[in-house]
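**Student:** Take this structure, written in structure tokens, and hold onto it; I'll ask about it next.
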Amino acid sequence: MDSARIAALLEPFLGPPCDRRLTTNDLDKISTYIDLLLRWNARINLTAIRIPEEIVTRHFGESFFLARHLFPRPEAAASAPLGNLNSIIPNGLVLSAISQTDRSAGAPAGSSEGAPPSPPAHSAPTAGHVAGNRLSEGDPQSGGSRLEAQIPKLTRVLDIGSGAGFPALPIKIWSPDIHLTLIESNHKKAAFLREVIRTLTLMNVNVIADRAENVLQRFASISSTSAAAADVVTFRAVEKFERILPLAGRFLAPRGRLAVLISSVQLPAVESIERMKWTTSNIPESYMRLLSIGELHNDQDKRHN
């Protein structure tokens, strides 16, 4: 699809003109993504929406609407209070460890379907990076706070039931500096996600071909604390919504956010989750579609710490 047409269709979802615009490179990635989605959709059921214009508004529009609420443009973020959006904790490393566990227990060597790809060498801080974060300014080997300033801190985003990649991969296009993990139990859909990631050359992305419950169990078995791994957890249109909703919250780090794309009939279930403070917005060009973002209360923070 033509980039100008994509930009026009996405305009209602991107906020006031002062907010961040999509770049030419972003629009090219969206166009390539749509081509891949349509080709793969002829072989496996990725989406019931077949018309490219509707794919742009329903899939990409909703995803970018979520992305701009979680990750506002740098100028806007600079005036906002510091908090969970840019926080990272050592337990965030657990998601990379889970991915490695999944590879060792997944498909046979040489198989591309069903086994998550090896994460890029820079997809998670090394032990040296973690140690560097702990070095004090008075440590003669640390180089003081200058060394700490050189260590990137990536917000860790986890998407559950990723399907065709929405909202997760548009979030990555919008905010390329996040570390993204996608959980998708269908191996064919997981293979599609890896193909999109490879084609769009998206970095710091892991795909785990397993059920979220199994991933959480593996996390619990290797985590030494009760704190979970992700700064942000997202999901959309998953089966057994009311069962997945509380499960998603268990992946959150202290001060983490849970962002869900839902219909209006699902709002009561969302707001019933305890220890979460929710804000809900109507999605443009829709009467029943909503974005709800929940933040852990302070008493939940204390329980994690």
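Identifiers in this document derive from the order of the structure tokens: chains are assigned A, B, ..., residues are numbered from 1 separately in each chain, and ligands are numbered from 1 in order of occurrence.
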Find the residues around range 3-12 of chain A up to 7 Å (only C-alpha atoms counted), leave out those fewer than 3 positions away in its own chain, and share them as a compact mmCIF listing (two decimals) with C-alpha atoms, in the first residue's frame.
**Tutor:**
```txt
# COMPACT_ATOMS: atom_id res chain seq x y z
CA GLY A 15 -3.07 12.44 18.43
CA LEU A 27 5.64 3.86 6.91
CA ASP A 28 7.83 1.66 4.70
CA SER A 31 3.72 -1.34 4.09
CA VAL A 56 -4.25 -0.26 8.69
CA THR A 57 -7.02 1.23 10.85
CA GLY A 61 -4.25 2.24 14.18
CA PRO A 284 -10.79 6.68 17.51
```
**Student:** Can you list, as a list of chain:residue names, every protein, DNA or RNA residue that comes within 7 Å of Asp159 in chain A when you count only C-alpha atoms, leaving out same-chain residues fewer than 4 positions away?
**Tutor:**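 These residues fall inside the cut-off: A:Ala168, A:Thr181, A:Leu182, A:Ile183, A:Val233, A:Thr234, A:Phe235.
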**Student:** Selected residues, N, CA and C atoms, written as a PDB file, in the first residue's frame, please.
**Tutor:**
```
ATOM      1  N   ALA A 168       1.994  -5.582  19.565  1.00  0.00           N
ATOM      2  CA  ALA A 168       3.408  -5.598  19.960  1.00  0.00           C
ATOM      3  C   ALA A 168       4.354  -5.022  18.910  1.00  0.00           C
ATOM      4  N   THR A 181       9.324  -8.849  24.149  1.00  0.00           N
ATOM      5  CA  THR A 181       9.146 -10.301  24.155  1.00  0.00           C
ATOM      6  C   THR A 181       7.702 -10.608  23.777  1.00  0.00           C
ATOM      7  N   LEU A 182       7.513 -11.503  22.806  1.00  0.00           N
ATOM      8  CA  LEU A 182       6.189 -11.910  22.362  1.00  0.00           C
ATOM      9  C   LEU A 182       5.950 -13.362  22.744  1.00  0.00           C
ATOM     10  N   ILE A 183       4.803 -13.635  23.350  1.00  0.00           N
ATOM     11  CA  ILE A 183       4.417 -15.004  23.693  1.00  0.00           C
ATOM     12  C   ILE A 183       3.261 -15.419  22.795  1.00  0.00           C
ATOM     13  N   VAL A 233       3.148  -4.825  30.185  1.00  0.00           N
ATOM     14  CA  VAL A 233       2.543  -6.028  29.619  1.00  0.00           C
ATOM     15  C   VAL A 233       1.343  -5.598  28.784  1.00  0.00           C
ATOM     16  N   THR A 234       1.245  -6.138  27.560  1.00  0.00           N
ATOM     17  CA  THR A 234       0.134  -5.806  26.682  1.00  0.00           C
ATOM     18  C   THR A 234      -0.536  -7.077  26.182  1.00  0.00           C
ATOM     19  N   PHE A 235      -1.814  -6.968  25.832  1.00  0.00           N
ATOM     20  CA  PHE A 235      -2.454  -8.028  25.062  1.00  0.00           C
ATOM     21  C   PHE A 235      -3.741  -7.503  24.436  1.00  0.00           C
TER      22      PHE A 235
END
```
**Student:** Give me, as a list in words, all polymer residues having an atom no more than 12 Å from Leu200 in chain A, counting only C-alpha atoms and skipping those fewer than 6 positions away in the same chain.
**Tutor:**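 Those residues are Asn25, Asp26, Leu27, Asp28, Lys29, Ile30, Ser31, Thr32, Tyr33, Ile34, Asp35, Leu36, Leu169, Pro170, Lys172, Ile173, Pro176, Leu193 and Arg194 of chain A.
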**Student:** Would you work out the distance separating CA of Ile51 in chain A from CA of Tyr287 in chain A, expressed in Å to one decimal?
**Tutor:** 20.3 Å
**Student:** Excluding same-chain residues fewer than 3 positions from Thr279 in chain A, what lies within 9 Å of it counting only C-alpha atoms, as number ranges by chain?
**Tutor:** A: 291-295
**Student:** For the residues in that selection, give me N, CA and C atoms as a tab-separated table (two decimals), in the first residue's frame.
**Tutor:**
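As a result, selection-v2.tsv now contains:
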```tsv
chain	number	residue	atom	x	y	z
A	291	LEU	N	-9.05	1.43	25.05
A	291	LEU	CA	-7.71	1.19	25.57
A	291	LEU	C	-7.74	1.43	27.07
A	292	SER	N	-7.38	0.41	27.84
A	292	SER	CA	-7.29	0.55	29.30
A	292	SER	C	-5.86	0.30	29.73
A	293	ILE	N	-5.34	1.21	30.55
A	293	ILE	CA	-3.97	1.09	31.07
A	293	ILE	C	-4.04	1.11	32.59
A	294	GLY	N	-3.53	0.05	33.21
A	294	GLY	CA	-3.54	-0.05	34.66
A	294	GLY	C	-2.14	0.05	35.23
A	295	GLU	N	-2.02	0.70	36.38
A	295	GLU	CA	-0.75	0.81	37.08
A	295	GLU	C	-0.89	0.17	38.45
```
**Student:** Quick check for you: according to DSSP on this backbone, which residues of range 145-194 of chain A are classed as helix (DSSP H, G or I)? Reply as JSON, numbers by chain.
**Tutor:** {"A": [145, 146, 147, 148, 149, 150, 168, 169, 170, 171, 172, 173, 174, 187, 188, 189, 190, 191, 192, 193, 194]}
**Student:** Which residue is closest to Met276 in chain A? Choose from A:Pro254, A:Gly165, A:Pro72, A:Pro16 and count only C-alpha atoms.
**Tutor:**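 Closest to Met276 in chain A of all the choices is A:Pro254.
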**Student:** Have a look at CA of Arg236 in chain A and CA of Phe192 in chain A and let me know their distance in Å, one decimal.
**Tutor:**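 That distance, rounded to one decimal, is 17.5 Å.
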**Student:** For Leu14 in chain A, which residue out of A:Ile283, A:Met1, A:Ala253, A:Leu38 is the nearest one, using only C-alpha atoms?
**Tutor:**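 Of A:Ile283, A:Met1, A:Ala253, A:Leu38, the one nearest Leu14 in chain A is A:Ile283, counting only C-alpha atoms.
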**Student:** Work out how far apart CA of Phe13 in chain A and CA of Leu258 in chain A are and give it in Å to one decimal.
**Tutor:**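 Computed distance, CA of Phe13 in chain A to CA of Leu258 in chain A, equals 19.9 Å.
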**Student:** Using backbone DSSP assignments, extract all strand (DSSP E) residues from range 197-282 of chain A; output them as a VMD selection string.
**Tutor:** chain A and resid 205 to 208 230 to 236 252 to 263 276 to 282
